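Have a look at upload_4.txt below; it lists compact mmCIF, C-alpha atoms.
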# COMPACT_ATOMS: atom_id res chain seq x y z
CA MET A 106 72.40 62.40 151.98
CA THR A 107 69.32 64.15 150.64
CA ALA A 108 70.46 67.44 152.18
CA PHE A 109 73.89 67.00 150.62
CA VAL A 110 72.47 66.38 147.17
CA TYR A 111 70.05 69.31 147.43
CA THR A 112 72.82 71.64 148.57
CA GLY A 113 74.97 70.48 145.70
CA LEU A 114 72.16 70.93 143.21
CA SER A 115 71.43 74.45 144.40
CA VAL A 116 75.11 75.44 144.20
CA LEU A 117 75.19 74.15 140.63
CA MET A 118 72.00 76.09 139.93
CA ILE A 119 73.69 79.26 141.17
CA GLY A 120 76.56 78.51 138.82
CA ILE A 121 74.17 78.04 135.92
CA PHE A 122 72.50 81.36 136.66
CA LEU A 123 75.88 83.07 136.73
CA CYS A 124 76.62 81.61 133.30
CA LEU A 125 73.20 82.70 132.04
CA ARG A 126 74.15 86.21 133.09
CA ARG A 127 77.18 85.95 130.83
CA VAL A 128 75.04 84.58 128.02
CA ALA A 129 72.79 87.60 128.36
CA SER A 130 75.53 90.22 128.59
CA GLY A 131 77.92 88.87 125.95
CA PRO A 132 79.53 91.05 124.70
CA THR A 133 80.78 88.85 121.83
CA ALA A 134 79.48 85.62 120.36
CA PRO A 135 82.39 83.49 121.67
CA ASP A 136 81.65 84.75 125.19
CA ARG A 137 78.14 83.40 124.87
CA THR A 138 79.39 80.16 123.36
CA VAL A 139 81.74 79.61 126.29
CA ALA A 140 78.98 80.27 128.80
CA ILE A 141 76.61 77.85 127.05
CA GLU A 142 79.30 75.19 126.91
CA ILE A 143 79.93 75.61 130.63
CA ILE A 144 76.22 75.29 131.33
CA GLY A 145 76.22 72.03 129.39
CA ILE A 146 79.11 70.60 131.37
CA ILE A 147 77.58 71.71 134.67
CA LEU A 148 74.36 69.99 133.69
CA VAL A 149 76.38 66.79 133.32
CA GLY A 150 77.37 67.20 136.98
CA PHE A 151 73.75 68.01 137.78
CA CYS A 152 72.56 64.77 136.22
CA THR A 153 75.27 62.84 138.03
CA LEU A 154 74.09 64.18 141.37
CA LEU A 155 70.47 63.30 140.53
CA SER A 156 71.54 59.82 139.50
CA ILE A 157 73.33 59.06 142.77
CA HIS A 158 70.40 60.56 144.66
CA THR A 159 67.82 58.34 142.99
CA GLY A 160 70.23 55.44 142.48
CA GLU A 161 69.11 55.11 138.86
CA ASP A 162 71.70 54.95 136.11
CA PHE A 163 69.19 56.42 133.66
CA TYR A 164 70.33 59.94 134.61
CA MET A 165 73.90 59.00 133.74
CA SER A 166 72.75 58.17 130.20
CA VAL A 167 71.25 61.64 130.02
CA ALA A 168 74.56 63.08 131.23
CA ILE A 169 76.54 61.21 128.56
CA GLY A 170 74.15 62.35 125.87
CA TRP A 171 74.31 65.91 127.10
CA ALA A 172 78.11 65.94 127.17
CA LEU A 173 78.18 64.62 123.60
CA LEU A 174 75.70 67.19 122.34
CA SER A 175 77.43 70.03 124.12
CA PHE A 176 80.76 69.03 122.60
CA ILE A 177 79.38 68.77 119.09
CA GLY A 178 77.48 72.00 119.58
CA SER A 179 80.53 73.99 120.60
CA LEU A 180 82.58 72.47 117.79
CA ALA A 181 79.92 73.53 115.30
CA LEU A 182 79.61 77.00 116.81
CA GLY A 183 83.37 77.40 116.87
CA LYS A 184 83.64 76.49 113.20
CA TYR A 185 80.69 78.69 112.35
CA LEU A 186 82.10 81.71 114.13
CA GLU A 187 85.63 81.34 112.83
CA GLY A 188 86.79 84.32 110.85
CA ARG A 189 83.65 86.33 111.38
CA GLU A 190 83.67 89.83 112.73
CA PHE A 191 81.43 90.28 115.69
CA ASP A 192 81.66 93.58 117.43
CA GLU A 193 78.21 93.81 118.84
CA MET B 92 81.37 51.39 147.94
CA ASN B 93 83.21 54.13 149.76
CA GLU B 94 80.75 56.82 150.69
CA PRO B 95 82.91 59.48 152.46
CA ALA B 96 85.56 59.51 149.74
CA GLY B 97 82.91 59.84 147.06
CA LEU B 98 81.14 62.66 148.86
CA ILE B 99 84.39 64.56 149.39
CA LEU B 100 85.21 64.26 145.67
CA ILE B 101 81.72 65.46 144.76
CA THR B 102 82.01 68.44 147.11
CA VAL B 103 85.35 69.44 145.60
CA GLY B 104 83.88 69.08 142.14
CA ILE B 105 80.89 71.27 142.92
CA ALA B 106 83.18 73.93 144.40
CA TYR B 107 85.26 73.90 141.22
CA ASP B 108 82.16 74.24 139.06
CA LEU B 109 81.02 77.24 141.05
CA LEU B 110 84.46 78.83 140.73
CA ALA B 111 84.33 78.28 136.98
CA CYS B 112 81.02 80.11 136.76
CA LEU B 113 82.42 82.96 138.83
CA GLY B 114 85.32 83.07 136.39
CA VAL B 115 82.97 83.27 133.43
CA VAL B 116 81.23 86.25 134.99
CA ARG B 117 84.22 88.06 136.46
CA MET B 118 87.07 87.67 133.98
CA PRO B 119 87.77 90.63 131.68
CA ASP B 120 87.91 89.05 128.24
CA ILE B 121 87.07 85.94 126.27
CA TYR B 122 90.45 84.27 126.64
CA THR B 123 90.68 84.57 130.41
CA ARG B 124 87.04 83.51 130.70
CA LEU B 125 87.76 80.46 128.60
CA GLN B 126 90.77 79.52 130.65
CA ALA B 127 88.96 79.98 133.94
CA ALA B 128 85.83 78.21 132.80
CA THR B 129 87.24 75.29 130.88
CA LYS B 130 89.94 74.26 133.31
CA ALA B 131 87.76 74.56 136.36
CA VAL B 132 84.79 72.84 134.77
CA THR B 133 86.90 69.99 133.44
CA VAL B 134 88.27 69.38 136.91
CA GLY B 135 84.93 70.08 138.60
CA THR B 136 82.73 67.80 136.54
CA THR B 137 85.44 65.14 136.40
CA PHE B 138 85.54 65.13 140.19
CA ILE B 139 81.76 64.92 140.46
CA LEU B 140 81.70 61.96 138.08
CA ALA B 141 84.59 60.21 139.82
CA GLY B 142 82.94 60.83 143.16
CA ALA B 143 79.67 59.39 141.89
CA ALA B 144 81.47 56.32 140.57
CA ILE B 145 83.19 55.77 143.90
CA TYR B 146 80.02 56.49 145.86
CA ALA B 147 77.84 54.10 143.88
CA GLY B 148 80.36 51.29 143.76
CA PRO B 149 80.67 48.74 140.95
CA GLY B 150 77.61 48.66 138.74
CA PRO B 151 76.05 50.24 135.67
CA LEU B 152 75.97 53.71 137.28
CA ALA B 153 79.71 53.71 137.98
CA ALA B 154 80.44 52.36 134.52
CA LYS B 155 78.44 55.11 132.87
CA ALA B 156 79.97 57.71 135.16
CA LEU B 157 83.49 56.62 134.20
CA LEU B 158 82.55 56.60 130.53
CA CYS B 159 81.18 60.11 130.85
CA LEU B 160 84.31 61.16 132.78
CA ALA B 161 86.62 60.00 130.02
CA PHE B 162 84.44 61.74 127.47
CA VAL B 163 84.37 65.08 129.33
CA LEU B 164 88.09 64.90 129.96
CA LEU B 165 88.79 64.38 126.26
CA THR B 166 86.30 66.71 124.63
CA ASN B 167 86.18 69.74 126.89
CA PRO B 168 89.72 71.03 126.16
CA ALA B 169 89.14 70.42 122.46
CA SER B 170 85.98 72.48 122.31
CA ALA B 171 87.60 75.25 124.36
CA HIS B 172 90.41 75.28 121.85
CA VAL B 173 87.97 75.59 118.97
CA ILE B 174 86.21 78.52 120.61
CA ALA B 175 89.49 80.29 121.42
CA ARG B 176 90.62 79.80 117.84
CA ALA B 177 87.36 81.20 116.50
CA ALA B 178 87.65 84.20 118.80
CA HIS B 179 91.24 84.80 117.80
CA SER B 180 90.66 84.46 114.08
CA SER B 181 87.78 86.88 114.19
CA GLY B 182 90.03 89.47 115.72
CA ILE B 183 88.86 89.66 119.31
CA ARG B 184 91.66 91.23 121.26
CA VAL B 185 93.15 90.47 124.63
CA GLU B 186 91.72 92.93 127.11
CA ARG B 187 94.62 93.76 129.37
CA VAL B 188 97.37 92.16 131.31
CA THR B 189 96.68 91.84 134.99
CA ALA B 190 100.25 91.16 136.08
CA ASP B 191 101.46 93.90 138.41
CA GLY B 192 104.44 94.84 136.30
CA LEU B 193 102.31 95.46 133.25
CA LEU B 194 99.36 97.23 134.79
CA GLY B 195 98.30 100.31 132.92
CA ARG B 196 99.92 99.24 129.67
CA GLU B 197 97.73 97.78 127.01
CA ILE B 198 98.93 94.45 125.76
CA GLU B 199 97.84 95.51 122.30
CA SER B 200 100.53 98.12 122.12
CA GLU B 201 103.05 95.52 123.20
CA LEU B 202 101.87 93.12 120.57
CA TRP B 203 102.13 95.90 118.07
CA ASP B 204 105.70 96.49 119.15
CA VAL B 205 106.47 92.84 118.66
CA THR B 206 105.03 92.72 115.18
CA ARG B 207 106.64 96.02 114.31
CA ARG B 208 110.00 94.60 115.21
CA SER B 209 109.46 91.44 113.28
CA ASP B 210 111.04 91.02 109.92
CA LEU B 211 107.86 90.52 107.99
CA SER B 212 106.11 93.73 108.89
CA GLU B 213 109.24 95.82 108.47
CA LYS B 214 109.22 95.04 104.79
CA ASP B 215 105.75 96.40 104.48
CA ARG B 216 106.55 99.25 106.81
CA LEU B 217 109.16 100.73 104.53
CA ILE B 218 106.76 100.67 101.61
CA HIS B 219 104.10 102.15 103.84
CA ILE B 220 106.48 104.94 104.81
CA ILE B 221 107.38 105.60 101.19
CA GLU B 222 103.72 105.82 100.34
CA ARG B 223 103.30 108.69 102.76
CA CYS B 224 106.72 110.28 102.86
CA LEU B 225 107.53 113.70 101.52
CA ILE B 226 109.09 113.68 98.07
CA MET B 227 110.74 116.86 96.91
CA ASP B 228 111.71 117.78 93.42
CA ILE B 229 114.37 120.48 93.48
CA LYS B 230 115.29 122.27 90.30
CA GLU B 231 118.10 124.56 91.43
CA HIS B 232 121.66 123.62 92.09
CA MET B 233 122.49 124.16 95.74
CA THR B 234 124.78 123.00 98.50
CA SER B 235 123.87 120.27 100.93
CA GLU B 236 123.63 122.83 103.74
CA SER B 237 120.92 124.84 102.08
CA LEU B 238 119.12 121.60 101.21
CA PHE B 239 119.16 120.66 104.91
CA GLU B 240 117.68 124.05 105.78
CA ILE B 241 114.78 123.37 103.43
CA ILE B 242 114.26 119.80 104.56
CA SER B 243 114.39 120.56 108.27
CA HIS B 244 111.01 122.33 108.11
CA PRO B 245 108.82 119.38 107.09
CA ILE B 246 110.70 117.03 109.44
CA SER B 247 110.33 119.43 112.33
CA ARG B 248 106.62 119.69 111.69
CA SER B 249 106.04 115.97 111.93
CA GLU B 250 108.53 115.37 114.74
CA GLY B 251 107.67 118.38 116.87
CA LEU B 252 111.25 119.59 117.11
CA PRO B 253 112.47 123.07 116.13
CA ALA B 254 113.64 123.19 112.52
CA TRP B 255 117.06 124.63 113.35
CA VAL B 256 117.82 121.68 115.64
CA ILE B 257 117.26 119.29 112.79
CA ALA B 258 119.17 121.41 110.32
CA ASP B 259 122.07 121.67 112.78
CA LYS B 260 122.10 117.95 113.34
CA LEU B 261 122.10 117.24 109.63
CA LYS B 262 124.92 119.72 109.02
CA LYS B 263 126.96 118.33 111.90
CA ARG B 264 126.48 114.80 110.60
CA GLU B 265 127.58 115.97 107.18
CA ARG B 266 130.74 117.59 108.57
CA GLU B 267 131.67 114.40 110.39
CA ALA B 268 131.55 112.32 107.24
CA VAL B 269 130.18 112.96 103.81
CA THR B 270 126.94 111.06 103.40
CA ALA B 271 127.13 110.86 99.62
CA LEU B 272 127.84 107.18 99.03
CA LYS B 273 128.03 107.51 95.28
CA PRO B 274 128.37 110.48 92.97
CA ASP B 275 124.59 110.51 92.55
CA PHE B 276 123.28 109.00 95.79
CA ALA B 277 123.37 110.38 99.33
CA ILE B 278 121.73 109.32 102.57
CA PRO B 279 122.02 111.99 105.25
CA HIS B 280 120.62 110.65 108.49
CA ILE B 281 120.28 111.83 112.07
CA ILE B 282 119.14 110.43 115.37
CA ILE B 283 116.49 112.46 117.11
CA GLU B 284 115.09 112.46 120.60
CA GLY B 285 112.04 110.44 121.47
CA GLN B 286 110.77 106.99 120.71
CA GLY B 287 109.32 105.03 117.89
CA SER B 288 109.36 107.53 115.07
CA PHE B 289 111.04 107.43 111.75
CA GLU B 290 110.93 110.01 108.99
CA LEU B 291 112.05 109.70 105.43
CA VAL B 292 112.29 112.51 102.92
CA SER B 293 113.21 111.68 99.36
CA VAL B 294 114.72 114.41 97.25
CA ARG B 295 115.26 114.45 93.53
CA ALA B 296 117.61 117.25 92.51
CA ARG B 297 117.52 117.93 88.80
CA ARG B 298 120.68 119.96 88.73
CA GLY B 299 122.29 118.09 91.59
CA ILE B 300 123.24 119.03 95.12
CA TRP B 301 126.79 119.80 96.09
CA PHE B 302 127.92 117.48 98.88
CA SER B 303 131.68 117.49 98.47
CA ASP B 304 134.19 118.11 95.74
CA LYS B 305 134.05 114.45 94.88
CA CYS B 306 130.26 114.43 94.72
CA PRO B 307 129.31 117.84 93.38
CA ARG B 308 126.06 116.84 91.72
CA VAL B 309 124.11 114.35 93.78
CA THR B 310 120.71 113.75 92.24
CA SER B 311 118.99 111.37 94.64
CA ILE B 312 119.02 112.13 98.33
CA PHE B 313 117.17 110.22 101.03
CA VAL B 314 117.11 112.06 104.33
CA MET B 315 116.28 109.90 107.32
CA ALA B 316 115.52 111.02 110.84
CA GLY B 317 114.81 108.29 113.35
CA THR B 318 114.84 107.78 117.07
CA GLN B 319 117.43 105.58 118.72
CA ASP B 320 115.08 102.60 119.08
CA GLU B 321 114.48 102.60 115.33
CA TRP B 322 118.15 102.01 114.58
CA HIS B 323 117.45 98.51 113.36
CA PHE B 324 114.78 99.71 110.97
CA TYR B 325 117.08 102.47 109.79
CA LEU B 326 119.77 99.98 108.85
CA ARG B 327 117.26 97.90 106.94
CA THR B 328 115.98 100.94 105.10
CA LEU B 329 119.52 101.87 104.25
CA ALA B 330 120.22 98.42 102.89
CA ALA B 331 117.05 98.48 100.83
CA LEU B 332 117.83 101.89 99.37
CA ALA B 333 121.39 100.90 98.56
CA GLN B 334 120.10 97.79 96.86
CA MET B 335 117.56 99.86 94.96
CA VAL B 336 120.04 102.33 93.49
CA ARG B 337 122.26 99.45 92.39
CA THR B 338 119.59 98.10 90.09
CA GLU B 339 120.29 98.85 86.48
CA GLY B 340 118.76 101.96 85.03
CA PHE B 341 117.46 103.30 88.31
CA PHE B 342 119.05 106.72 87.93
CA ASP B 343 117.77 107.07 84.38
CA LYS B 344 114.24 106.41 85.56
CA TRP B 345 114.83 108.63 88.56
CA SER B 346 115.81 111.61 86.42
CA GLU B 347 113.13 110.93 83.81
CA ALA B 348 110.20 110.84 86.24
CA ARG B 349 107.93 113.78 85.56
CA ASP B 350 106.74 114.72 89.02
CA GLU B 351 106.60 113.68 92.68
CA LYS B 352 103.86 111.18 91.95
CA GLU B 353 105.96 109.31 89.44
CA LEU B 354 108.95 109.40 91.75
CA ARG B 355 106.90 107.79 94.49
CA LYS B 356 105.60 105.15 92.11
CA LEU B 357 109.12 104.42 90.97
CA LEU B 358 110.38 104.05 94.55
CA ILE B 359 107.57 101.72 95.52
CA SER B 360 107.85 99.52 92.46
CA GLU B 361 111.63 99.26 92.77
CA LEU B 362 111.39 98.35 96.45
CA ARG B 363 108.74 95.75 95.69
CA LYS B 364 111.01 94.26 93.06
CA ILE B 365 113.85 93.97 95.56
CA ARG B 366 111.51 92.37 98.03
CA LYS B 367 110.36 89.79 95.54
CA GLU B 368 113.88 88.88 94.59
CA GLY B 369 114.64 88.48 98.27
CA LYS B 370 118.07 90.01 97.98
CA GLY B 371 119.68 92.74 99.97
CA GLY B 372 118.52 94.03 103.29
CA LEU B 373 114.86 93.55 102.67

What do you get writing this file as structure tokens?
Amino acid sequence: MTAFVYTGLSVLMIGIFLCLRRVASGPTAPDRTVAIEIIGIILVGFCTLLSIHTGEDFYMSVAIGWALLSFIGSLALGKYLEGREFDE
Amino acid sequence: MNEPAGLILITVGIAYDLLACLGVVRMPDIYTRLQAATKAVTVGTTFILAGAAIYAGPGPLAAKALLCLAFVLLTNPASAHVIARAAHSSGIRVERVTADGLLGREIESELWDVTRRSDLSEKDRLIHIIERCLIMDIKEHMTSESLFEIISHPISRSEGLPAWVIADKLKKREREAVTALKPDFAIPHIIIEGQGSFELVSVRARRGIWFSDKCPRVTSIFVMAGTQDEWHFYLRTLAALAQMVRTEGFFDKWSEARDEKELRKLLISELRKIRKEGKGGL
């Protein structure tokens, strides 16, 4: 079980690093926003894995909070970016 | 408590999450990235949460996992939609179409075709064409054939065809049927080779142009040269011009205009008026 959780966590870490690459390279602001949103959702999965590993439901509360924040964050970013020109 | 089922669900979920991240890195533009990322992550994280709920069995952990699952399932598509909308409204374009049949052709040009064909942009297109078109002010009295000779030069320059071809086509068209619709209004038109081009030359003849014995002094002539695929636009232009010359006092204003600049202004303002009234072809 421990090996399974650690493998899962490292695969998710690889995914997060791939998304960070997209955050770094852009090229436009929505690209970055998408990547950050994806990182948030993957972190929810990350917390879930940790919570079944430790058997504590505390990590699930973190996951719920994170999902909420990530949703509100991308809504705010989406509204903020709407109608702006960004050709970086 | 059903451990194998839960673990299988979690494995599938992790695989989906990884695929989503690959999609974010590999896809060519924002829209495809969004579609790869959001769909896969929604499924992926949902599966992880469902797997955790099944793995842990009834209890606070499963309850929170299911709560989180419902939340992710509801909010993730919504936020993806908001981002796509923001990207679209700020003018980020679709990169290219990856379907085999469309490879090598930019989707932008196709979109442009679509909007060009649509009713709305055609209205503006005619005015746009008038804003740039050649307007000639001819003082002598001449026959339609010699007028065509003169006009064929500017058209041939912008269309890349020899001038005599255009003059011949115009003369042939004129022999087939007289293009003077009214004693003071004529619309000679030809179809030229090629795709997607349309030329309009407006002529004001102070002493008139001889078209036929019935129409010996035509004062306003609109020569159109368009390719076959612009036939639709040609008909609309024709309808708009016919509507324009029907408005009261048009020919008085047409003959009173001092120079090419005023003629152009007159054409544009008359066409705008027609457009506002919403009558006729445009």

(request) Using atom CA of B:Arg298 and atom CA of B:Gln334 as the two end points, give the distance in Å to one decimal. (result) 23.6 Å

Would you write out, as JSON lines, a table of all residues in chain B that have an atom no more than 6 Å from an atom of chain A, listing for each the closest atom pair and the distance in Å to one decimal, considering only C-alpha atoms and ordering rows by chain and rising residue number?
{"residue": "B:Leu109", "atom": "CA", "partner": "A:Gly120", "partner_atom": "CA", "distance": 5.1}
{"residue": "B:Cys112", "atom": "CA", "partner": "A:Gly120", "partner_atom": "CA", "distance": 5.2}
{"residue": "B:Val116", "atom": "CA", "partner": "A:Arg127", "partner_atom": "CA", "distance": 5.8}
{"residue": "B:Ile121", "atom": "CA", "partner": "A:Asp136", "partner_atom": "CA", "distance": 5.7}
{"residue": "B:Thr136", "atom": "CA", "partner": "A:Gly150", "partner_atom": "CA", "distance": 5.4}
{"residue": "B:Leu152", "atom": "CA", "partner": "A:Asp162", "partner_atom": "CA", "distance": 4.6}
{"residue": "B:Cys159", "atom": "CA", "partner": "A:Ile169", "partner_atom": "CA", "distance": 5.3}
{"residue": "B:Ser170", "atom": "CA", "partner": "A:Leu180", "partner_atom": "CA", "distance": 5.7}
{"residue": "B:Val173", "atom": "CA", "partner": "A:Gly183", "partner_atom": "CA", "distance": 5.4}
{"residue": "B:Ile174", "atom": "CA", "partner": "A:Gly183", "partner_atom": "CA", "distance": 4.8}
{"residue": "B:Ala177", "atom": "CA", "partner": "A:Glu187", "partner_atom": "CA", "distance": 4.1}
{"residue": "B:Ser180", "atom": "CA", "partner": "A:Gly188", "partner_atom": "CA", "distance": 5.0}
{"residue": "B:Ser181", "atom": "CA", "partner": "A:Gly188", "partner_atom": "CA", "distance": 4.3}

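For the pair atom CA of B:Gly97 and atom CA of B:Ala161, the separation is 17.4 Å.
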
Would you place a box with edges along x, y and z of the file around all atoms of stretch 128-138 of chain A listed there, add 6 Å to each of its six sides, and report the centre and edge lengths in Å to one decimal, as JSON?
{"center_x": 77.6, "center_y": 85.6, "center_z": 124.5, "size_x": 21.6, "size_y": 22.9, "size_z": 20.2}

(request) Mind giving me the straight-line distance from atom CA of B:Val163 to atom CA of B:Thr123 in Å, one decimal? (result) 20.5 Å

Just the residues within 10 Å of B:Ile139, please, counting all atoms listed in the file, with nothing from its chain fewer than 3 positions along; format it as an mmCIF file with C-alpha atoms, keeping the file's coordinate frame.
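Okay, out16.cif is ready:
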data_model
loop_
_atom_site.group_PDB
_atom_site.id
_atom_site.type_symbol
_atom_site.label_atom_id
_atom_site.label_comp_id
_atom_site.auth_asym_id
_atom_site.auth_seq_id
_atom_site.Cartn_x
_atom_site.Cartn_y
_atom_site.Cartn_z
ATOM 1 C CA ILE A 147 77.580 71.710 134.670
ATOM 2 C CA VAL A 149 76.380 66.790 133.320
ATOM 3 C CA GLY A 150 77.370 67.200 136.980
ATOM 4 C CA PHE A 151 73.750 68.010 137.780
ATOM 5 C CA THR A 153 75.270 62.840 138.030
ATOM 6 C CA LEU A 154 74.090 64.180 141.370
ATOM 7 C CA GLY B 97 82.910 59.840 147.060
ATOM 8 C CA LEU B 98 81.140 62.660 148.860
ATOM 9 C CA ILE B 99 84.390 64.560 149.390
ATOM 10 C CA LEU B 100 85.210 64.260 145.670
ATOM 11 C CA ILE B 101 81.720 65.460 144.760
ATOM 12 C CA THR B 102 82.010 68.440 147.110
ATOM 13 C CA VAL B 103 85.350 69.440 145.600
ATOM 14 C CA GLY B 104 83.880 69.080 142.140
ATOM 15 C CA ILE B 105 80.890 71.270 142.920
ATOM 16 C CA ALA B 106 83.180 73.930 144.400
ATOM 17 C CA TYR B 107 85.260 73.900 141.220
ATOM 18 C CA ASP B 108 82.160 74.240 139.060
ATOM 19 C CA VAL B 134 88.270 69.380 136.910
ATOM 20 C CA GLY B 135 84.930 70.080 138.600
ATOM 21 C CA THR B 136 82.730 67.800 136.540
ATOM 22 C CA GLY B 142 82.940 60.830 143.160
ATOM 23 C CA ALA B 143 79.670 59.390 141.890
ATOM 24 C CA ALA B 144 81.470 56.320 140.570
ATOM 25 C CA ILE B 145 83.190 55.770 143.900
ATOM 26 C CA ALA B 156 79.970 57.710 135.160
ATOM 27 C CA LEU B 160 84.310 61.160 132.780
#

(request) For stretch 249-251 of chain B, please output as a list in words all residues within 12 Å (counting only C-alpha atoms; exclusion window: fewer than 4 positions along the same chain). (result) Cys224, Leu225, Ile242, Ser243, His244, Pro245, Trp255, Val256, Ile257, Ile282, Ile283, Glu284, Gly285, Gln286, Gly287, Ser288, Phe289, Glu290, Leu291, Val292, Ala316, Gly317 and Thr318 of chain B
